[in-house]
There are 2 protein chains.
Amino acid sequence: MKNINVEKKYKIHRFRNWAPEWLLSYRRGFLQGDASAGIIVTIMLIPQSLAYALLAGLPPQVGLYASIFPLIAYAIFGTSMTLAVGPVAVASLMTATSLAPLASPGSPEYTFLAIQLAMFTGVIYLLCGVFRLGFLSHLLSHPVINGFITGSAVLIAVGQLKGILGVSVPSDTVFGTLVMLVSSRENINLPTVYIGMAAIGFLYFARSSLATLFKKVGIPEIQANLLTKLAPMVVVIVSTFLVSHFNWSEQLGVKIVGSIPDGLPLLNYKLPNIEQSKSLLMPALLIFIVGFIESVSVAQALALRRQQKIRPNKELLGIGAANVASAISGGYVVVGGFSRSVVNFDAGANTPLAGVFSAILMMIVLVGFTSSFYYLPHAVLSATIIVAVLGMVDLSTVKHTWRYSKADALALLGTAISVIAIGVEPGILIGVSLSVLSYLWNASRPHIAIVGRVKGTEHFRNIERYQVETVPNIVFVRIDENLFFGNIQAVEDAVHAILHKHPKVTDIVLLGAAINHIDSTALEVLCTMNAQIRSMSKKLHLAEIKGPVMDRLKNSQLLRELSGEHFLHACEAFEALADK
Amino acid sequence: MKNINVEKKYKIHRFRNWAPEWLLSYRRGFLQGDASAGIIVTIMLIPQSLAYALLAGLPPQVGLYASIFPLIAYAIFGTSMTLAVGPVAVASLMTATSLAPLASPGSPEYTFLAIQLAMFTGVIYLLCGVFRLGFLSHLLSHPVINGFITGSAVLIAVGQLKGILGVSVPSDTVFGTLVMLVSSRENINLPTVYIGMAAIGFLYFARSSLATLFKKVGIPEIQANLLTKLAPMVVVIVSTFLVSHFNWSEQLGVKIVGSIPDGLPLLNYKLPNIEQSKSLLMPALLIFIVGFIESVSVAQALALRRQQKIRPNKELLGIGAANVASAISGGYVVVGGFSRSVVNFDAGANTPLAGVFSAILMMIVLVGFTSSFYYLPHAVLSATIIVAVLGMVDLSTVKHTWRYSKADALALLGTAISVIAIGVEPGILIGVSLSVLSYLWNASRPHIAIVGRVKGTEHFRNIERYQVETVPNIVFVRIDENLFFGNIQAVEDAVHAILHKHPKVTDIVLLGAAINHIDSTALEVLCTMNAQIRSMSKKLHLAEIKGPVMDRLKNSQLLRELSGEHFLHACEAFEALADK
């Protein structure tokens, strides 16, 4: 008897350890919000998962598969209460561009590789989570992210034009697609164009003015906003009904989704071979970076609105688990997406149980309703994608950024243009290089001021801005930047220029109040500088070096061989050296 | 009459504008130093240019060609008085590894591509010079450069073992070479091994102890050092004599250089096709980066020893012109090399005329003496290379660096291991990534301190280190770092943690005395933070923001929407806010 009790207790204890926090503290009052958010998100998720699968070059059911188990996995391992994971536009585009050279879209091998890509991405997430590498997401500046999203949106929208026009075009680049669209203008299917344009028109109207209209007839703001999110589902239902009723697919040649295999996904994951693994590694890494940034920034923004907190390193585990779950159940890459997360939040989701509700509803769709989408026209899916991604283009940011920092604006435009002109993967690499380069470029021109003492005080100020005391044989040089390989050359040049300009100076004092870090390249250059200054029979002094910096310098060659002294404060140096 | 005079004046004027400065101010006293330095450098240059051509996989005359016109071009366009340009080990290795996948070593196409590589590298130098991109050379930290040189030296030394052993091995990697050397041990040519070992022994002795020996017999230090530099030429002469006299090449199978076409190089440069251009672009870029860093650091070090100055942006033009000259005259990539430049300096070179002397001597060698090298054994060239490159390995630096900064030491070792294990080009890219990442990693953990007022003063100090006054409703946060995309997240996290820990705080004051730059990502995050703090009915204040930073912030959203105020000094904030 006793034994069993202990075991039971142990089990509960284990469950408490492993169960997600939100489940343990779940309250009845949460249920209504979670259920309604789950329903509304599912209504958005159905057309989006079909459309994004199309964008990724995959059969429609793969999009549906990616919308079931990943949601459950995230509910267990994630930390955001309201992040909605699933297929998103940019990751779908990246899947398409990285798999295009490896297999032909729609083929079983292509699908197999897409599943592997999700697995690789998931494993990278998990590894980064285990090794707490969440800081990697800070390697991309906002201008680069904006540029990347804008460029991708243009790329996706142009790519979907073929769906609206009812032609097939095998080109990947914007320019190539446009040229081929023009050259194949005779194959354009006019009924498809009408359906596509009508869908775009309605979706655009729903996005821009429907909420205002609803509010005018007295519907409260949040409900009005949520209702507009149902527009894609309305378009899906109406267009499917029309195509099926008038048999437009056979009579007018409108391309339709066709039969989607029903039933739940099978859980049988097979390992890829080494050749395949090699070619998937880099794409998975890039999808990871982009997906993680999107997920974390959405999760963070939503968490802050309710004074909650997410933990980026645990978030890595959550989204990693979602991707692994997607791969195991025949889905493709999933991300915490922006639009559905916001809807989830606004619809009142309190916990990830909302995602579990969505997953259950998607299962029901897969088991019983896949045949409903038989007559759904491709043009409507393309229209859904186009309206969704063009909503991501934010030109006002370009303007703001340009006004504040030309370098940042150029990084934004450079990334956007690279994505459009060269492609998604080189685009993001160019973007990362641009942001790092622009930072290094800034850092390579440190602010260096010659300072003097404000009379009667202990303050030292820039001699160009203030009336200050100076002494002919001393020059006080304040460097307002950490010293590292990127800027130490500029510091050396500046010191040489000062010595050249003021030949009477015998003592040069470096003030380090704004220096928090000196790397070993900078240390070496300072040593050389010190030796040179000594060989001119002058002295290099240090002052106001911060505690942590001094701790590291203590045992270095620089301090051992320093031609001058080390002063705690500039005043001390002023008095000690001026007396000579 | 008048007209002619004007024209003559005009011509002189033009000559004065275009002629290098050193030529216009040339003094008779310079001549002796320049001539003797020219002779000594030539004696080093002959075996080195033959050996490095071998290392680059090129026929010996290509090395000689690269030692003529580039020296003259640099004399005209360069700014260093003592830099000796010509073939060097690392650039030769990089030439070999980048051309290996494109053509078979020794073939005319291979030579053609090597010439193109010099042209591309030269044009990159010239472009960077015109656009003043000299700062690019600061993208590599010293640890990465040291790691790269060490790794390359090992790679080169192992690669040359085959020359010493008299076998041919087609592998590029260290591991592959070692495996193949072991497996082909039956083909080892023993006489070649003896010659090679003897050469290595003598060269090593010359490098390590000969100078001391000379000094003991009363030769002054500088002369003693210079004499040891003639050792490679002595080995060349002695070994050539022995091989030719005893006919070892035919009787014992010792591999020799064979016939070198005599006569000056033809100046006929042909353009490559687009396919070739594409595959040469990346290698040229990497050779440019590595070569520029080597050249500039050598030139700078030597210039400082004589209180002269070089201008990095003009240096780009000088070395660029040298590479273009090399390509036009059938040579390959040239760099301002370390060892010959030091010898040039020590031998008393006063101006680049020393290089012109070397060029003339090399021309004489090419016209009349190429047949002298017929019996020169390959093993001696390999020995020259091995002793030269192992002298570049500096293990004490690893120790120093490790003691000062673990991150920098790991960057050094990571680069060296990558070069040895994966190859030169990925190695340098990994090195660059490592140095940038380690910098960003440092910058992503900014030093943030909560400060209080030192009683009775206007100073604010860290509350953890000093006894200071604080007020319960205000928290003063000092950020000791520029704010940019890499660290702003950490700042936001820290501020949220502070607000969470001190719920009574209503006013948070950011002190910006150590902030020199805020990029647009950081600005955006600060705006979001400000809005969040406002939504908690608290206020965000700024204080001690520097002039240039304030100038840019003035028109930004942050200052327009700031929930609190902007104070010039922390004291003002202390008094204004504590009164509440």
# chains A, B, ... in the order shown; residues from 1 in each chain; ligands from 1
>>> residues_around(residues="His378 of chain B", least_positions_apart="3", cutoff="9 Å", atoms="only C-alpha atoms", output="ChimeraX atom specification")
/B:51,54,163-164,166,192,196,254-257,381-383
>>> select_by_dssp(residues="segment 234-474 of chain A", states="helix (DSSP H, G or I)", output="MDAnalysis selection string")
chainID A and resid 234:246 248:251 274:305 312:328 338:346 353:368 370:373 378:390 395:404 406:421 424:443
>>> atom_distance(atom1="atom CA of Met180 of chain B", atom2="atom CA of Val193 of chain B")
16.8 Å
>>> residues_around(residues="Ile43 of chain B", least_positions_apart="2", cutoff="12 Å", atoms="only C-alpha atoms", output="count of residues only")
34
>>> residues_around(residues="Asn487 of chain B", least_positions_apart="5", cutoff="9 Å", atoms="only C-alpha atoms", output="list in words")
His138 of chain A; Leu440, Trp441, Ala443, Ser444, Arg445, Pro446, Glu481, Asn482, Glu492 and Ala522 of chain B
>>> write_last_selection(atoms="N, CA and C atoms", output="mmCIF file, in the first residue's frame")
data_model
loop_
_atom_site.group_PDB
_atom_site.id
_atom_site.type_symbol
_atom_site.label_atom_id
_atom_site.label_comp_id
_atom_site.auth_asym_id
_atom_site.auth_seq_id
_atom_site.Cartn_x
_atom_site.Cartn_y
_atom_site.Cartn_z
ATOM 1 N N HIS A 138 20.389 38.602 -32.085
ATOM 2 C CA HIS A 138 20.682 40.037 -32.100
ATOM 3 C C HIS A 138 21.690 40.411 -33.172
ATOM 4 N N LEU B 440 31.050 41.187 -31.170
ATOM 5 C CA LEU B 440 29.623 41.406 -30.944
ATOM 6 C C LEU B 440 29.181 40.749 -29.638
ATOM 7 N N TRP B 441 29.772 39.596 -29.338
ATOM 8 C CA TRP B 441 29.446 38.890 -28.103
ATOM 9 C C TRP B 441 29.806 39.758 -26.906
ATOM 10 N N ALA B 443 30.132 43.039 -27.026
ATOM 11 C CA ALA B 443 29.298 44.229 -27.055
ATOM 12 C C ALA B 443 27.864 43.899 -26.666
ATOM 13 N N SER B 444 27.452 42.634 -26.811
ATOM 14 C CA SER B 444 26.066 42.274 -26.505
ATOM 15 C C SER B 444 25.849 42.118 -25.004
ATOM 16 N N ARG B 445 26.916 42.189 -24.222
ATOM 17 C CA ARG B 445 26.742 42.162 -22.767
ATOM 18 C C ARG B 445 27.271 43.469 -22.188
ATOM 19 N N PRO B 446 26.536 44.548 -22.406
ATOM 20 C CA PRO B 446 27.033 45.862 -21.987
ATOM 21 C C PRO B 446 27.126 45.938 -20.468
ATOM 22 N N GLU B 481 28.195 51.781 -22.744
ATOM 23 C CA GLU B 481 28.426 51.189 -24.062
ATOM 24 C C GLU B 481 27.565 51.938 -25.078
ATOM 25 N N ASN B 482 28.045 51.976 -26.316
ATOM 26 C CA ASN B 482 27.182 52.480 -27.375
ATOM 27 C C ASN B 482 25.978 51.572 -27.512
ATOM 28 N N GLU B 492 17.293 46.496 -22.577
ATOM 29 C CA GLU B 492 15.863 46.419 -22.293
ATOM 30 C C GLU B 492 15.594 45.394 -21.187
ATOM 31 N N ALA B 522 18.443 50.445 -31.908
ATOM 32 C CA ALA B 522 18.417 50.803 -30.502
ATOM 33 C C ALA B 522 17.386 51.901 -30.254
#
>>> closest_residue(among="B:Val436, B:Ala75, B:Ala84, B:Ala325", to="chain A", atoms="only C-alpha atoms")
B:Val436
>>> residues_around(residues="Ser244 of chain B", least_positions_apart="2", cutoff="12 Å", atoms="only C-alpha atoms", output="PyMOL selection string")
chain B and resi 236-242+246-252+254-258+371-377
>>> write_last_selection(atoms="N, CA, C and O atoms", output="CSV table (one decimal), in the first residue's frame")
chain,number,residue,atom,x,y,z
B,236,VAL,N,71.8,27.6,-52.6
B,236,VAL,CA,71.5,27.5,-54.0
B,236,VAL,C,72.8,27.2,-54.8
B,236,VAL,O,72.9,26.3,-55.6
B,237,ILE,N,73.8,28.0,-54.6
B,237,ILE,CA,75.1,27.9,-55.4
B,237,ILE,C,75.7,26.6,-55.1
B,237,ILE,O,76.1,25.8,-56.1
B,238,VAL,N,75.9,26.2,-53.8
B,238,VAL,CA,76.6,25.0,-53.5
B,238,VAL,C,75.9,23.8,-54.0
B,238,VAL,O,76.4,22.9,-54.7
B,239,SER,N,74.5,23.7,-53.8
B,239,SER,CA,73.8,22.5,-54.2
B,239,SER,C,73.8,22.4,-55.8
B,239,SER,O,73.9,21.3,-56.3
B,240,THR,N,73.6,23.6,-56.4
B,240,THR,CA,73.6,23.5,-57.9
B,240,THR,C,74.9,23.0,-58.4
B,240,THR,O,75.0,22.2,-59.3
B,241,PHE,N,76.0,23.5,-57.8
B,241,PHE,CA,77.3,23.1,-58.2
B,241,PHE,C,77.5,21.5,-58.0
B,241,PHE,O,77.9,20.8,-58.9
B,242,LEU,N,77.1,21.1,-56.8
B,242,LEU,CA,77.2,19.6,-56.5
B,242,LEU,C,76.4,18.8,-57.5
B,242,LEU,O,76.9,17.8,-58.1
B,246,PHE,N,78.5,16.3,-60.1
B,246,PHE,CA,78.4,14.8,-59.9
B,246,PHE,C,77.3,14.2,-60.7
B,246,PHE,O,77.0,13.0,-60.6
B,247,ASN,N,76.5,15.1,-61.5
B,247,ASN,CA,75.4,14.6,-62.3
B,247,ASN,C,74.4,13.8,-61.5
B,247,ASN,O,73.9,12.8,-61.9
B,248,TRP,N,74.1,14.3,-60.3
B,248,TRP,CA,73.1,13.6,-59.4
B,248,TRP,C,71.7,13.5,-60.0
B,248,TRP,O,71.0,12.6,-59.7
B,249,SER,N,71.4,14.5,-60.8
B,249,SER,CA,70.1,14.5,-61.4
B,249,SER,C,69.8,13.2,-62.2
B,249,SER,O,68.8,12.6,-62.1
B,250,GLU,N,70.8,12.9,-63.0
B,250,GLU,CA,70.6,11.7,-63.9
B,250,GLU,C,70.9,10.4,-63.2
B,250,GLU,O,70.3,9.4,-63.3
B,251,GLN,N,72.1,10.5,-62.4
B,251,GLN,CA,72.5,9.2,-61.7
B,251,GLN,C,71.7,8.8,-60.5
B,251,GLN,O,71.5,7.6,-60.3
B,252,LEU,N,71.2,9.8,-59.8
B,252,LEU,CA,70.5,9.5,-58.5
B,252,LEU,C,69.0,9.9,-58.6
B,252,LEU,O,68.3,9.6,-57.6
B,254,VAL,N,67.7,12.9,-58.7
B,254,VAL,CA,67.3,14.1,-57.9
B,254,VAL,C,66.6,15.1,-58.9
B,254,VAL,O,67.1,15.4,-59.9
B,255,LYS,N,65.4,15.5,-58.4
B,255,LYS,CA,64.6,16.4,-59.3
B,255,LYS,C,65.2,17.8,-59.3
B,255,LYS,O,65.6,18.4,-58.3
B,256,ILE,N,65.4,18.4,-60.5
B,256,ILE,CA,66.0,19.7,-60.6
B,256,ILE,C,65.0,20.7,-61.3
B,256,ILE,O,64.0,20.2,-61.9
B,257,VAL,N,65.4,21.9,-61.3
B,257,VAL,CA,64.5,23.0,-61.8
B,257,VAL,C,64.5,22.9,-63.4
B,257,VAL,O,63.4,23.0,-64.0
B,258,GLY,N,65.6,22.5,-64.0
B,258,GLY,CA,65.6,22.4,-65.5
B,258,GLY,C,65.7,23.7,-66.2
B,258,GLY,O,66.0,24.7,-65.5
B,371,SER,N,70.2,29.9,-67.2
B,371,SER,CA,70.8,28.6,-67.4
B,371,SER,C,71.5,28.1,-66.2
B,371,SER,O,71.7,26.9,-65.9
B,372,SER,N,72.0,29.1,-65.3
B,372,SER,CA,72.7,28.7,-64.1
B,372,SER,C,71.9,27.9,-63.1
B,372,SER,O,72.4,27.2,-62.3
B,373,PHE,N,70.5,28.1,-63.2
B,373,PHE,CA,69.7,27.4,-62.3
B,373,PHE,C,69.2,26.0,-62.8
B,373,PHE,O,68.4,25.4,-62.1
B,374,TYR,N,69.8,25.6,-63.9
B,374,TYR,CA,69.3,24.3,-64.5
B,374,TYR,C,69.4,23.2,-63.5
B,374,TYR,O,68.5,22.4,-63.3
B,375,TYR,N,70.6,23.1,-62.8
B,375,TYR,CA,70.8,22.0,-61.9
B,375,TYR,C,70.3,22.2,-60.5
B,375,TYR,O,70.6,21.4,-59.6
B,376,LEU,N,69.7,23.4,-60.2
B,376,LEU,CA,69.2,23.6,-58.9
B,376,LEU,C,68.2,22.6,-58.4
B,376,LEU,O,67.2,22.4,-59.1
B,377,PRO,N,68.4,21.9,-57.3
B,377,PRO,CA,67.5,20.8,-57.0
B,377,PRO,C,66.2,21.4,-56.3
B,377,PRO,O,66.3,22.4,-55.5
>>> residues_around(residues="segment 125-132 of chain A", least_positions_apart="4", cutoff="6 Å", atoms="only C-alpha atoms", output="compact mmCIF listing (two decimals) with C-alpha atoms, in the first residue's frame")
# COMPACT_ATOMS: atom_id res chain seq x y z
CA ASN A 313 16.46 30.57 -24.61
CA LEU A 316 14.30 28.27 -28.81
CA LEU A 317 13.30 24.93 -27.27
CA GLY A 320 12.56 23.75 -32.03
>>> closest_residue(among="A:Phe485, A:Gly355, A:Gln308, A:Ala56", to="Ala322 of chain A", atoms="only C-alpha atoms")
A:Gly355
